[in-house]
$ cat start33.cif   # mmCIF, C-alpha atoms and all ligand atoms
data_target
#
loop_
_atom_site.group_PDB
_atom_site.id
_atom_site.type_symbol
_atom_site.label_atom_id
_atom_site.label_comp_id
_atom_site.auth_asym_id
_atom_site.auth_seq_id
_atom_site.Cartn_x
_atom_site.Cartn_y
_atom_site.Cartn_z
ATOM 1 C CA MET A 5 28.234 44.794 34.497
ATOM 2 C CA LYS A 6 27.817 44.516 30.789
ATOM 3 C CA LYS A 7 30.954 43.131 29.204
ATOM 4 C CA THR A 8 32.045 44.897 26.079
ATOM 5 C CA ASN A 9 34.862 43.807 23.911
ATOM 6 C CA LEU A 10 37.135 46.751 24.353
ATOM 7 C CA LEU A 11 39.940 45.344 22.276
ATOM 8 C CA LEU A 12 37.615 45.741 19.365
ATOM 9 C CA ILE A 13 37.467 49.453 20.030
ATOM 10 C CA CYS A 14 40.568 49.470 17.904
ATOM 11 C CA LEU A 15 38.589 48.160 14.995
ATOM 12 C CA LEU A 16 35.569 50.336 15.477
ATOM 13 C CA SER A 17 36.827 53.660 16.696
ATOM 14 C CA ALA A 18 37.931 56.387 14.326
ATOM 15 C CA LEU A 19 40.682 57.042 16.842
ATOM 16 C CA PHE A 20 42.353 53.861 15.741
ATOM 17 C CA ILE A 21 42.650 53.844 11.990
ATOM 18 C CA ASN A 22 45.206 51.166 12.642
ATOM 19 C CA CYS A 23 46.198 50.391 16.181
ATOM 20 C CA GLU A 24 49.554 49.088 15.158
ATOM 21 C CA ASP A 25 50.999 52.564 14.943
ATOM 22 C CA ASN A 26 49.178 54.044 17.904
ATOM 23 C CA ARG A 27 48.630 57.322 16.063
ATOM 24 C CA LEU A 28 45.833 58.821 18.062
ATOM 25 C CA GLN A 29 44.017 62.011 17.138
ATOM 26 C CA PRO A 30 42.267 63.159 20.318
ATOM 27 C CA GLN A 31 40.772 66.570 21.035
ATOM 28 C CA ILE A 32 43.257 67.455 23.759
ATOM 29 C CA PRO A 33 47.025 67.032 23.425
ATOM 30 C CA LEU A 34 48.405 63.708 24.535
ATOM 31 C CA ARG A 35 50.679 63.559 27.525
ATOM 32 C CA ASP A 36 54.412 63.576 26.914
ATOM 33 C CA TYR A 37 55.429 60.032 25.996
ATOM 34 C CA GLU A 38 58.743 60.098 27.880
ATOM 35 C CA GLU A 39 57.172 61.288 31.131
ATOM 36 C CA GLN A 40 54.316 58.821 30.848
ATOM 37 C CA ARG A 41 56.706 55.993 30.038
ATOM 38 C CA ALA A 42 58.693 56.669 33.212
ATOM 39 C CA ALA A 43 55.571 57.002 35.384
ATOM 40 C CA ASP A 44 54.027 53.825 34.009
ATOM 41 C CA ASN A 45 57.218 51.857 34.434
ATOM 42 C CA ASP A 46 57.536 52.980 38.084
ATOM 43 C CA SER A 47 53.939 51.889 38.743
ATOM 44 C CA ILE A 48 54.509 48.550 37.059
ATOM 45 C CA ILE A 49 57.754 47.779 38.918
ATOM 46 C CA SER A 50 56.122 48.554 42.254
ATOM 47 C CA PHE A 51 53.160 46.398 41.308
ATOM 48 C CA LEU A 52 55.398 43.481 40.310
ATOM 49 C CA GLN A 53 57.309 43.700 43.577
ATOM 50 C CA ASN A 54 54.174 43.613 45.706
ATOM 51 C CA HIS A 55 51.909 41.103 43.972
ATOM 52 C CA TYR A 56 51.747 37.480 42.943
ATOM 53 C CA TYR A 57 49.478 35.560 40.617
ATOM 54 C CA ASN A 58 47.696 32.223 40.960
ATOM 55 C CA TYR A 59 50.655 30.285 39.505
ATOM 56 C CA GLU A 60 49.873 27.253 41.658
ATOM 57 C CA GLU A 61 46.486 26.986 39.990
ATOM 58 C CA PHE A 62 48.104 27.175 36.567
ATOM 59 C CA GLU A 63 50.587 24.463 37.547
ATOM 60 C CA SER A 64 47.972 22.031 38.855
ATOM 61 C CA ALA A 65 45.204 22.548 36.304
ATOM 62 C CA SER A 66 44.473 19.965 33.622
ATOM 63 C CA THR A 67 45.903 20.889 30.218
ATOM 64 C CA THR A 68 42.366 21.068 28.842
ATOM 65 C CA THR A 69 41.170 23.567 31.466
ATOM 66 C CA ARG A 70 41.414 27.316 31.148
ATOM 67 C CA VAL A 71 42.568 29.036 34.331
ATOM 68 C CA SER A 72 41.345 32.579 34.958
ATOM 69 C CA LEU A 73 44.158 34.865 36.081
ATOM 70 C CA THR A 74 43.943 36.317 39.582
ATOM 71 C CA ILE A 75 46.517 38.624 41.147
ATOM 72 C CA ASP A 76 46.774 39.371 44.843
ATOM 73 C CA SER A 77 48.868 41.426 47.220
ATOM 74 C CA LEU A 78 51.833 39.792 48.951
ATOM 75 C CA ILE A 79 50.979 41.530 52.218
ATOM 76 C CA ASN A 80 49.167 38.504 53.624
ATOM 77 C CA ALA A 81 50.980 35.938 51.497
ATOM 78 C CA THR A 82 54.675 36.422 52.071
ATOM 79 C CA ASP A 83 55.481 32.839 51.053
ATOM 80 C CA LYS A 84 54.350 33.423 47.479
ATOM 81 C CA ILE A 85 56.709 34.245 44.614
ATOM 82 C CA PRO A 86 56.454 37.907 43.613
ATOM 83 C CA LEU A 87 55.688 38.701 39.991
ATOM 84 C CA ILE A 88 58.985 40.575 39.700
ATOM 85 C CA ASP A 89 60.838 37.249 40.051
ATOM 86 C CA GLN A 90 58.877 35.646 37.217
ATOM 87 C CA VAL A 91 58.852 38.221 34.453
ATOM 88 C CA ILE A 92 60.745 38.407 31.186
ATOM 89 C CA GLU A 93 61.329 41.930 29.896
ATOM 90 C CA HIS A 94 60.613 42.775 26.288
ATOM 91 C CA GLU A 95 61.283 46.149 24.678
ATOM 92 C CA VAL A 96 58.844 47.556 22.132
ATOM 93 C CA GLN A 97 59.286 50.728 20.118
ATOM 94 C CA VAL A 98 56.294 53.038 19.960
ATOM 95 C CA ASN A 99 55.864 55.934 17.580
ATOM 96 C CA ASP A 100 55.077 59.054 19.621
ATOM 97 C CA GLY A 101 53.162 60.496 16.653
ATOM 98 C CA ASP A 102 56.054 62.621 15.392
ATOM 99 C CA ASP A 103 58.000 59.613 14.089
ATOM 100 C CA ASN A 104 60.129 59.519 17.219
ATOM 101 C CA PHE A 105 60.326 55.978 18.503
ATOM 102 C CA ILE A 106 60.385 55.512 22.257
ATOM 103 C CA SER A 107 61.296 52.200 23.825
ATOM 104 C CA HIS A 108 58.754 50.792 26.277
ATOM 105 C CA THR A 109 59.196 47.734 28.453
ATOM 106 C CA MET A 110 56.518 45.101 28.698
ATOM 107 C CA TYR A 111 56.751 42.363 31.306
ATOM 108 C CA ILE A 112 55.865 38.849 30.262
ATOM 109 C CA ILE A 113 55.168 35.713 32.275
ATOM 110 C CA PRO A 114 54.707 32.414 30.455
ATOM 111 C CA ALA A 115 52.107 31.039 32.882
ATOM 112 C CA ARG A 116 51.576 27.847 30.990
ATOM 113 C CA GLU A 117 53.639 26.552 28.126
ATOM 114 C CA GLY A 118 51.726 25.391 25.090
ATOM 115 C CA VAL A 119 52.668 22.475 22.875
ATOM 116 C CA GLY A 120 52.762 24.195 19.458
ATOM 117 C CA GLY A 121 54.624 27.020 17.757
ATOM 118 C CA PHE A 122 54.439 30.769 18.181
ATOM 119 C CA PRO A 123 52.470 33.208 15.992
ATOM 120 C CA SER A 124 54.125 36.349 14.687
ATOM 121 C CA ILE A 125 52.885 39.711 15.931
ATOM 122 C CA ALA A 126 50.900 40.141 12.690
ATOM 123 C CA ASP A 127 49.005 36.852 12.765
ATOM 124 C CA GLU A 128 45.356 36.028 13.401
ATOM 125 C CA VAL A 129 44.822 34.353 16.740
ATOM 126 C CA TYR A 130 42.108 32.248 18.343
ATOM 127 C CA VAL A 131 42.114 33.108 22.029
ATOM 128 C CA THR A 132 40.423 33.601 25.342
ATOM 129 C CA TYR A 133 41.736 36.417 27.494
ATOM 130 C CA LYS A 134 41.288 38.562 30.568
ATOM 131 C CA GLY A 135 42.266 42.220 30.860
ATOM 132 C CA MET A 136 42.814 44.053 34.152
ATOM 133 C CA PHE A 137 44.180 47.299 35.480
ATOM 134 C CA LEU A 138 46.883 47.303 38.137
ATOM 135 C CA ASP A 139 44.221 47.888 40.814
ATOM 136 C CA GLY A 140 42.627 44.571 39.907
ATOM 137 C CA VAL A 141 39.581 45.944 38.099
ATOM 138 C CA VAL A 142 38.694 43.645 35.204
ATOM 139 C CA PHE A 143 37.878 45.852 32.206
ATOM 140 C CA ASP A 144 37.538 43.136 29.581
ATOM 141 C CA GLU A 145 37.362 39.372 29.444
ATOM 142 C CA SER A 146 36.361 36.762 26.914
ATOM 143 C CA GLU A 147 35.828 33.300 28.330
ATOM 144 C CA SER A 148 34.528 32.294 24.908
ATOM 145 C CA LYS A 149 37.144 31.679 22.254
ATOM 146 C CA ILE A 150 37.323 34.381 19.615
ATOM 147 C CA TRP A 151 39.453 35.281 16.605
ATOM 148 C CA PHE A 152 41.359 38.535 16.447
ATOM 149 C CA ASN A 153 42.493 39.788 13.084
ATOM 150 C CA GLY A 154 46.178 40.543 12.773
ATOM 151 C CA LEU A 155 47.249 43.951 14.111
ATOM 152 C CA SER A 156 43.685 44.801 15.190
ATOM 153 C CA THR A 157 44.261 45.007 18.939
ATOM 154 C CA VAL A 158 46.333 47.289 21.119
ATOM 155 C CA ARG A 159 50.035 46.854 20.399
ATOM 156 C CA GLY A 160 51.006 45.267 23.701
ATOM 157 C CA PHE A 161 48.435 42.553 23.084
ATOM 158 C CA PHE A 162 49.713 41.466 19.675
ATOM 159 C CA GLU A 163 53.345 41.981 20.709
ATOM 160 C CA THR A 164 52.724 39.138 23.181
ATOM 161 C CA TYR A 165 51.824 36.565 20.504
ATOM 162 C CA PRO A 166 55.438 35.474 19.864
ATOM 163 C CA PHE A 167 55.565 34.514 23.556
ATOM 164 C CA ILE A 168 52.591 32.110 23.508
ATOM 165 C CA LYS A 169 52.642 28.615 22.087
ATOM 166 C CA HIS A 170 49.391 27.366 20.655
ATOM 167 C CA GLY A 171 47.614 24.129 21.597
ATOM 168 C CA VAL A 172 46.125 21.223 19.691
ATOM 169 C CA TRP A 173 42.509 20.273 19.039
ATOM 170 C CA ASP A 174 40.419 17.358 17.887
ATOM 171 C CA VAL A 175 36.757 16.446 17.613
ATOM 172 C CA ASP A 176 35.226 14.503 20.463
ATOM 173 C CA PRO A 177 33.651 11.518 18.680
ATOM 174 C CA SER A 178 30.944 11.153 21.301
ATOM 175 C CA THR A 179 29.712 14.765 21.188
ATOM 176 C CA GLY A 180 31.014 16.079 17.857
ATOM 177 C CA LEU A 181 32.431 19.088 19.718
ATOM 178 C CA ILE A 182 35.949 20.441 19.332
ATOM 179 C CA ARG A 183 38.277 19.726 22.245
ATOM 180 C CA HIS A 184 41.295 21.923 22.933
ATOM 181 C CA ASP A 185 44.364 20.731 24.775
ATOM 182 C CA GLY A 186 47.864 21.965 25.550
ATOM 183 C CA PHE A 187 47.223 25.643 24.827
ATOM 184 C CA GLY A 188 49.707 28.161 26.147
ATOM 185 C CA THR A 189 48.836 31.023 28.477
ATOM 186 C CA THR A 190 50.980 34.113 28.760
ATOM 187 C CA ILE A 191 50.519 37.077 31.080
ATOM 188 C CA VAL A 192 51.672 40.499 30.017
ATOM 189 C CA ILE A 193 51.905 43.706 32.040
ATOM 190 C CA MET A 194 52.314 46.694 29.748
ATOM 191 C CA PRO A 195 52.630 50.473 29.970
ATOM 192 C CA SER A 196 49.764 52.563 28.691
ATOM 193 C CA ALA A 197 51.608 53.433 25.481
ATOM 194 C CA LEU A 198 51.267 49.782 24.457
ATOM 195 C CA GLY A 199 47.619 49.884 25.488
ATOM 196 C CA TYR A 200 45.079 52.648 24.960
ATOM 197 C CA TYR A 201 47.342 55.510 26.071
ATOM 198 C CA GLY A 202 45.276 58.724 26.032
ATOM 199 C CA SER A 203 42.515 57.504 23.764
ATOM 200 C CA THR A 204 39.208 59.083 24.745
ATOM 201 C CA SER A 205 37.484 55.758 24.075
ATOM 202 C CA ALA A 206 39.835 53.909 26.434
ATOM 203 C CA PRO A 207 38.279 52.132 29.405
ATOM 204 C CA ARG A 208 40.692 54.261 31.474
ATOM 205 C CA GLN A 209 43.149 56.764 30.044
ATOM 206 C CA TYR A 210 46.903 56.399 30.619
ATOM 207 C CA ALA A 211 46.479 53.107 32.428
ATOM 208 C CA PRO A 212 49.025 50.276 32.369
ATOM 209 C CA LEU A 213 47.258 47.049 31.434
ATOM 210 C CA ILE A 214 47.485 43.394 32.392
ATOM 211 C CA PHE A 215 46.352 40.663 30.036
ATOM 212 C CA ALA A 216 46.330 36.904 30.320
ATOM 213 C CA ILE A 217 46.024 35.377 26.849
ATOM 214 C CA ASP A 218 45.252 31.719 26.138
ATOM 215 C CA LEU A 219 46.186 30.725 22.577
ATOM 216 C CA TYR A 220 44.323 27.810 20.996
ATOM 217 C CA THR A 221 45.452 28.168 17.406
ATOM 218 C CA PHE A 222 46.452 30.817 14.896
ATOM 219 C CA ALA A 223 46.547 31.537 11.170
ATOM 220 C CA VAL A 224 49.330 33.290 9.300
ATOM 221 C CA ALA A 225 47.894 36.658 8.290
ATOM 222 C CA ASP A 226 48.021 38.000 4.735
ATOM 223 C CA HIS A 227 46.030 41.225 4.903
ATOM 224 C CA ASP A 228 46.079 42.026 1.175
ATOM 225 C CA GLU A 229 45.911 38.365 0.071
ATOM 226 C CA ASP A 230 48.911 38.868 -2.188
ATOM 227 C CA SER A 231 50.463 35.564 -0.974
ATOM 228 C CA VAL A 232 53.159 37.361 1.047
ATOM 229 C CA PRO A 233 52.544 36.842 4.770
ATOM 230 C CA THR A 234 51.902 40.164 6.490
ATOM 231 C CA ILE A 235 54.866 39.665 8.807
ATOM 232 C CA ASP A 236 57.109 39.603 5.702
ATOM 233 C CA GLU A 237 55.641 42.889 4.440
ATOM 234 C CA ASP A 238 57.205 44.820 7.305
ATOM 235 C CA VAL A 239 59.992 45.814 4.959
ATOM 236 C CA ASP A 240 62.386 47.258 7.536
ATOM 237 C CA GLY A 241 61.482 44.648 10.136
ATOM 238 C CA ASP A 242 60.843 47.171 12.899
ATOM 239 C CA GLY A 243 57.465 45.726 13.912
ATOM 240 C CA HIS A 244 55.582 48.716 12.478
ATOM 241 C CA PHE A 245 53.782 48.094 9.202
ATOM 242 C CA ASN A 246 52.799 51.662 8.342
ATOM 243 C CA GLY A 247 56.274 53.193 8.372
ATOM 244 C CA SER A 248 57.667 55.226 5.489
ATOM 245 C CA ASN A 249 60.061 52.337 4.773
ATOM 246 C CA ASP A 250 57.159 49.912 4.399
ATOM 247 C CA ASP A 251 55.731 51.400 1.189
ATOM 248 C CA THR A 252 58.006 50.227 -1.610
ATOM 249 C CA ASP A 253 56.241 52.062 -4.440
ATOM 250 C CA GLY A 254 55.564 55.181 -2.382
ATOM 251 C CA ASP A 255 51.894 55.302 -3.309
ATOM 252 C CA GLY A 256 50.799 55.893 0.272
ATOM 253 C CA VAL A 257 49.564 52.327 0.687
ATOM 254 C CA PRO A 258 51.921 50.273 2.850
ATOM 255 C CA ASN A 259 52.994 46.912 1.455
ATOM 256 C CA TYR A 260 50.923 44.794 3.826
ATOM 257 C CA VAL A 261 47.723 46.223 2.346
ATOM 258 C CA ASP A 262 49.029 46.815 -1.201
ATOM 259 C CA ASN A 263 48.469 43.969 -3.652
ATOM 260 C CA ASP A 264 50.902 45.427 -6.211
ATOM 261 C CA ASP A 265 53.830 46.381 -4.021
ATOM 262 C CA ASP A 266 56.043 47.842 -6.746
ATOM 263 C CA ASP A 267 53.186 49.369 -8.762
ATOM 264 C CA ASP A 268 54.399 47.798 -12.004
ATOM 265 C CA GLY A 269 50.930 46.656 -12.993
ATOM 266 C CA ILE A 270 51.636 43.027 -12.155
ATOM 267 C CA LEU A 271 49.920 41.889 -8.983
ATOM 268 C CA THR A 272 52.324 40.720 -6.282
ATOM 269 C CA ILE A 273 50.630 37.335 -6.211
ATOM 270 C CA ASP A 274 51.571 36.894 -9.906
ATOM 271 C CA GLU A 275 55.271 37.630 -9.448
ATOM 272 C CA TYR A 276 56.132 36.724 -5.844
ATOM 273 C CA ASP A 277 57.017 33.048 -6.197
ATOM 274 C CA VAL A 278 55.954 31.904 -9.655
ATOM 275 C CA ASP A 279 58.264 28.871 -9.656
ATOM 276 C CA LEU A 280 56.872 27.823 -6.258
ATOM 277 C CA ASP A 281 60.280 27.014 -4.789
ATOM 278 C CA GLY A 282 59.400 28.757 -1.526
ATOM 279 C CA PHE A 283 61.605 31.776 -2.221
ATOM 280 C CA PRO A 284 60.659 35.139 -3.774
ATOM 281 C CA ASP A 285 61.652 35.199 -7.467
ATOM 282 C CA ASP A 286 64.423 37.551 -8.618
ATOM 283 C CA SER A 287 64.532 37.301 -12.434
ATOM 284 C CA ASP A 288 67.266 39.872 -13.033
ATOM 285 C CA GLN A 289 69.230 38.660 -9.990
ATOM 286 C CA ASP A 290 69.821 42.164 -8.700
ATOM 287 C CA GLY A 291 68.992 41.175 -5.131
ATOM 288 C CA ILE A 292 65.583 42.849 -5.283
ATOM 289 C CA PRO A 293 62.767 40.317 -5.608
ATOM 290 C CA ASP A 294 60.476 40.780 -8.619
ATOM 291 C CA TYR A 295 57.466 41.832 -6.560
ATOM 292 C CA LEU A 296 59.430 44.782 -5.134
ATOM 293 C CA ASP A 297 61.316 45.517 -8.359
ATOM 294 C CA ALA A 298 59.486 47.784 -10.783
ATOM 295 C CA SER A 299 62.286 47.677 -13.349
HETATM 296 CA CA CA A 301 58.292 48.688 9.293
HETATM 297 CA CA CA A 302 52.487 50.773 -1.789
HETATM 298 CA CA CA A 303 51.611 43.534 -0.475
HETATM 299 CA CA CA A 304 54.051 44.152 -8.983
#
$ encode --input "start33.cif" --output "structure tokens" --more "lines below"
Ligand SMILES: [Ca+2]
Ligand SMILES: [Ca+2]
Ligand SMILES: [Ca+2]
Ligand SMILES: [Ca+2]
Amino acid sequence: MKKTNLLLICLLSALFINCEDNRLQPQIPLRDYEEQRAADNDSIISFLQNHYYNYEEFESASTTTRVSLTIDSLINATDKIPLIDQVIEHEVQVNDGDDNFISHTMYIIPAREGVGGFPSIADEVYVTYKGMFLDGVVFDESESKIWFNGLSTVRGFFETYPFIKHGVWDVDPSTGLIRHDGFGTTIVIMPSALGYYGSTSAPRQYAPLIFAIDLYTFAVADHDEDSVPTIDEDVDGDGHFNGSNDDTDGDGVPNYVDNDDDDDGILTIDEYDVDLDGFPDDSDQDGIPDYLDAS
């Protein structure tokens, strides 16, 4: 089967102007988010109770070796630890398209702890990954390391970044090739609303997704290159970058892609931290930093 990089659908498809807000515009109405949330969560809980993953392989593998996730039924392996006993729950708010935010639960398993720090949800990551449906069908996998731009994948994928520690790398003097070591691997099981939901270009509509993500390194994203990290341009801190609260000057361009956030004619990069003390400047000391203060 030809492998396509379905995560990149987000970048290429007109359905996903920006995946981070999951505002889909399909031909037929989307299913009710509340009903789908409940159905997906029931499917996921049942799946977690009845399956296990190859955790022994992850435990015994060398820290330089990538392990490919496999998940099997507990029916013939009753001595294995069920997924439900290994998951951490994480709530994520999703916009249902009418600016109602519905809380969805994603289930996270840190399969292998990395040695470095965690990216933010907005950062650029260098990863390998495997994506599966609950029935075990692999719909996407990259065994080769690739970069993903910040916020360019389905939400449940980038919401997992703060749960994966990166690794370290060096150059093998004998071959000149880069060697990676100590990278973290995290498994996430997510409802369809954090995946492709009802997108007509989805590999399967309304399907909960499983990903295993191996994180080699990352770069702090700054989409508009205004020197403010993208994660700090989520003004209200709700994890959504296109919200009405995230456009300080109200010009329709959210701060993370607006290089003059207060529309005062001075580029953000020229008024954010001019004295280079590591803090946003606030000349008139009114509590509003200069780059967000048009007055
Ligand atoms: Ca926001
Ligand atoms: Ca703006
Ligand atoms: Ca900006
Ligand atoms: Ca400005």
$ atom_distance --input "start33.cif" --atom1 "atom CA of A:Ile191" --atom2 "atom CA of A:Asn99"
23.8 Å
$ residues_near_ligand --input "start33.cif" --ligand "ligand CA 303 (chain A)" --cutoff "7 Å" --atoms "all atoms listed in the file" --output "number ranges by chain"
A: 228, 230, 232, 237, 259-265, 272
$ resolve_selection --input "start33.cif" --expression "the PyMOL selection byres (((chain A and resi 89-92) around 7) and not hetatm)" --output "list in words"
Ile85, Pro86, Leu87, Ile88, Glu93, His94, Tyr111, Ile112 and Ile113 of chain A
$ residues_near_ligand --input "start33.cif" --ligand "ligand CA 302 (chain A)" --cutoff "6 Å" --atoms "all atoms listed in the file" --output "NGL selection string"
:A and (251-259 or 262 or 265)
$ residues_around --input "start33.cif" --residues "stretch 283-296 of chain A" --least-positions-apart "4" --cutoff "9 Å" --atoms "all atoms listed in the file" --output "tab-separated table (two decimals) with C-alpha atoms, keeping the file's coordinate frame"
chain	number	residue	atom	x	y	z
A	252	THR	CA	58.01	50.23	-1.61
A	253	ASP	CA	56.24	52.06	-4.44
A	264	ASP	CA	50.90	45.43	-6.21
A	265	ASP	CA	53.83	46.38	-4.02
A	266	ASP	CA	56.04	47.84	-6.75
A	267	ASP	CA	53.19	49.37	-8.76
A	268	ASP	CA	54.40	47.80	-12.00
A	270	ILE	CA	51.64	43.03	-12.16
A	271	LEU	CA	49.92	41.89	-8.98
A	272	THR	CA	52.32	40.72	-6.28
A	273	ILE	CA	50.63	37.34	-6.21
A	274	ASP	CA	51.57	36.89	-9.91
A	275	GLU	CA	55.27	37.63	-9.45
A	276	TYR	CA	56.13	36.72	-5.84
A	277	ASP	CA	57.02	33.05	-6.20
A	278	VAL	CA	55.95	31.90	-9.65
A	279	ASP	CA	58.26	28.87	-9.66
$ residues_near_ligand --input "start33.cif" --ligand "ligand CA 301 (chain A)" --cutoff "12 Å" --atoms "all atoms listed in the file" --output "ChimeraX atom specification"
/A:24-25,97-99,103,105,126,234-252,258-260
$ atom_distance --input "start33.cif" --atom1 "atom CA of A:Val175" --atom2 "atom CA of A:Phe222"
17.5 Å
$ atom_distance --input "start33.cif" --atom1 "atom CA of A:Thr189" --atom2 "atom CA of A:Asp44"
24.0 Å
$ resolve_selection --input "start33.cif" --expression "the PyMOL selection byres (((chain A and resi 213-215) around 9) and not hetatm)" --output "NGL selection string"
:A and (73 or 133-138 or 160-161 or 190-196 or 198-200 or 211-212 or 216-217)
$ closest_residue --input "start33.cif" --among "A:Pro207, A:Gly154, A:Gly180, A:Gly269" --to "ligand CA 304 (chain A)" --atoms "all atoms listed in the file"
A:Gly269
$ residues_around --input "start33.cif" --residues "A:Ala65" --least-positions-apart "4" --cutoff "12 Å" --atoms "all atoms listed in the file" --output "VMD selection string"
chain A and resid 58 to 61 69 to 72 115 to 116 185 to 186
$ resolve_selection --input "start33.cif" --expression "the PyMOL selection byres (((chain A and resi 121) around 8) and not hetatm)" --output "PyMOL selection string"
chain A and resi 119-120+122-123+168-170
$ write_last_selection --input "start33.cif" --atoms "C-alpha atoms" --output "PDB file, in the coordinates of the input"
ATOM      1  CA  VAL A 119      52.668  22.475  22.875  1.00  0.00           C
ATOM      2  CA  GLY A 120      52.762  24.195  19.458  1.00  0.00           C
ATOM      3  CA  PHE A 122      54.439  30.769  18.181  1.00  0.00           C
ATOM      4  CA  PRO A 123      52.470  33.208  15.992  1.00  0.00           C
ATOM      5  CA  ILE A 168      52.591  32.110  23.508  1.00  0.00           C
ATOM      6  CA  LYS A 169      52.642  28.615  22.087  1.00  0.00           C
ATOM      7  CA  HIS A 170      49.391  27.366  20.655  1.00  0.00           C
TER       8      HIS A 170
END
$ residues_around --input "start33.cif" --residues "A:Ile79" --least-positions-apart "2" --cutoff "9 Å" --atoms "only C-alpha atoms" --output "MDAnalysis selection string"
chainID A and resid 54:55 76:77 81:82
$ build_atoms --input "start33.cif" --residues "stretch 236-250 of chain A" --atoms "N, CA, C and O atoms" --output "PDB file, in the frame of the given file"
ATOM      1  N   ASP A 236      56.009  39.382   6.648  1.00  0.00           N
ATOM      2  CA  ASP A 236      57.109  39.603   5.702  1.00  0.00           C
ATOM      3  C   ASP A 236      56.929  40.888   4.889  1.00  0.00           C
ATOM      4  O   ASP A 236      57.750  41.183   4.010  1.00  0.00           O
ATOM      5  N   GLU A 237      55.848  41.617   5.153  1.00  0.00           N
ATOM      6  CA  GLU A 237      55.641  42.889   4.440  1.00  0.00           C
ATOM      7  C   GLU A 237      56.004  44.083   5.326  1.00  0.00           C
ATOM      8  O   GLU A 237      55.735  45.227   4.967  1.00  0.00           O
ATOM      9  N   ASP A 238      56.588  43.782   6.469  1.00  0.00           N
ATOM     10  CA  ASP A 238      57.205  44.820   7.305  1.00  0.00           C
ATOM     11  C   ASP A 238      58.627  44.968   6.776  1.00  0.00           C
ATOM     12  O   ASP A 238      59.557  44.328   7.240  1.00  0.00           O
ATOM     13  N   VAL A 239      58.776  45.811   5.770  1.00  0.00           N
ATOM     14  CA  VAL A 239      59.992  45.814   4.959  1.00  0.00           C
ATOM     15  C   VAL A 239      61.250  46.026   5.794  1.00  0.00           C
ATOM     16  O   VAL A 239      62.258  45.351   5.624  1.00  0.00           O
ATOM     17  N   ASP A 240      61.188  46.980   6.735  1.00  0.00           N
ATOM     18  CA  ASP A 240      62.386  47.258   7.536  1.00  0.00           C
ATOM     19  C   ASP A 240      62.438  46.430   8.818  1.00  0.00           C
ATOM     20  O   ASP A 240      63.365  46.585   9.616  1.00  0.00           O
ATOM     21  N   GLY A 241      61.434  45.583   9.011  1.00  0.00           N
ATOM     22  CA  GLY A 241      61.482  44.648  10.136  1.00  0.00           C
ATOM     23  C   GLY A 241      61.431  45.287  11.514  1.00  0.00           C
ATOM     24  O   GLY A 241      61.890  44.708  12.494  1.00  0.00           O
ATOM     25  N   ASP A 242      60.851  46.485  11.598  1.00  0.00           N
ATOM     26  CA  ASP A 242      60.843  47.171  12.899  1.00  0.00           C
ATOM     27  C   ASP A 242      59.561  46.919  13.697  1.00  0.00           C
ATOM     28  O   ASP A 242      59.354  47.521  14.750  1.00  0.00           O
ATOM     29  N   GLY A 243      58.692  46.042  13.182  1.00  0.00           N
ATOM     30  CA  GLY A 243      57.465  45.726  13.912  1.00  0.00           C
ATOM     31  C   GLY A 243      56.328  46.702  13.648  1.00  0.00           C
ATOM     32  O   GLY A 243      55.225  46.530  14.152  1.00  0.00           O
ATOM     33  N   HIS A 244      56.612  47.750  12.871  1.00  0.00           N
ATOM     34  CA  HIS A 244      55.582  48.716  12.478  1.00  0.00           C
ATOM     35  C   HIS A 244      55.353  48.564  10.979  1.00  0.00           C
ATOM     36  O   HIS A 244      56.310  48.596  10.203  1.00  0.00           O
ATOM     37  N   PHE A 245      54.105  48.447  10.592  1.00  0.00           N
ATOM     38  CA  PHE A 245      53.782  48.094   9.202  1.00  0.00           C
ATOM     39  C   PHE A 245      53.379  49.302   8.365  1.00  0.00           C
ATOM     40  O   PHE A 245      53.228  49.200   7.159  1.00  0.00           O
ATOM     41  N   ASN A 246      53.214  50.443   9.030  1.00  0.00           N
ATOM     42  CA  ASN A 246      52.799  51.662   8.342  1.00  0.00           C
ATOM     43  C   ASN A 246      53.923  52.684   8.221  1.00  0.00           C
ATOM     44  O   ASN A 246      53.666  53.852   7.964  1.00  0.00           O
ATOM     45  N   GLY A 247      55.161  52.249   8.442  1.00  0.00           N
ATOM     46  CA  GLY A 247      56.274  53.193   8.372  1.00  0.00           C
ATOM     47  C   GLY A 247      56.574  53.630   6.951  1.00  0.00           C
ATOM     48  O   GLY A 247      56.146  53.003   5.981  1.00  0.00           O
ATOM     49  N   SER A 248      57.333  54.728   6.829  1.00  0.00           N
ATOM     50  CA  SER A 248      57.667  55.226   5.489  1.00  0.00           C
ATOM     51  C   SER A 248      58.525  54.222   4.726  1.00  0.00           C
ATOM     52  O   SER A 248      58.539  54.214   3.499  1.00  0.00           O
ATOM     53  N   ASN A 249      59.231  53.348   5.443  1.00  0.00           N
ATOM     54  CA  ASN A 249      60.061  52.337   4.773  1.00  0.00           C
ATOM     55  C   ASN A 249      59.246  51.122   4.335  1.00  0.00           C
ATOM     56  O   ASN A 249      59.803  50.185   3.764  1.00  0.00           O
ATOM     57  N   ASP A 250      57.979  51.093   4.671  1.00  0.00           N
ATOM     58  CA  ASP A 250      57.159  49.912   4.399  1.00  0.00           C
ATOM     59  C   ASP A 250      56.248  50.093   3.192  1.00  0.00           C
ATOM     60  O   ASP A 250      55.290  49.351   3.000  1.00  0.00           O
TER      61      ASP A 250
END
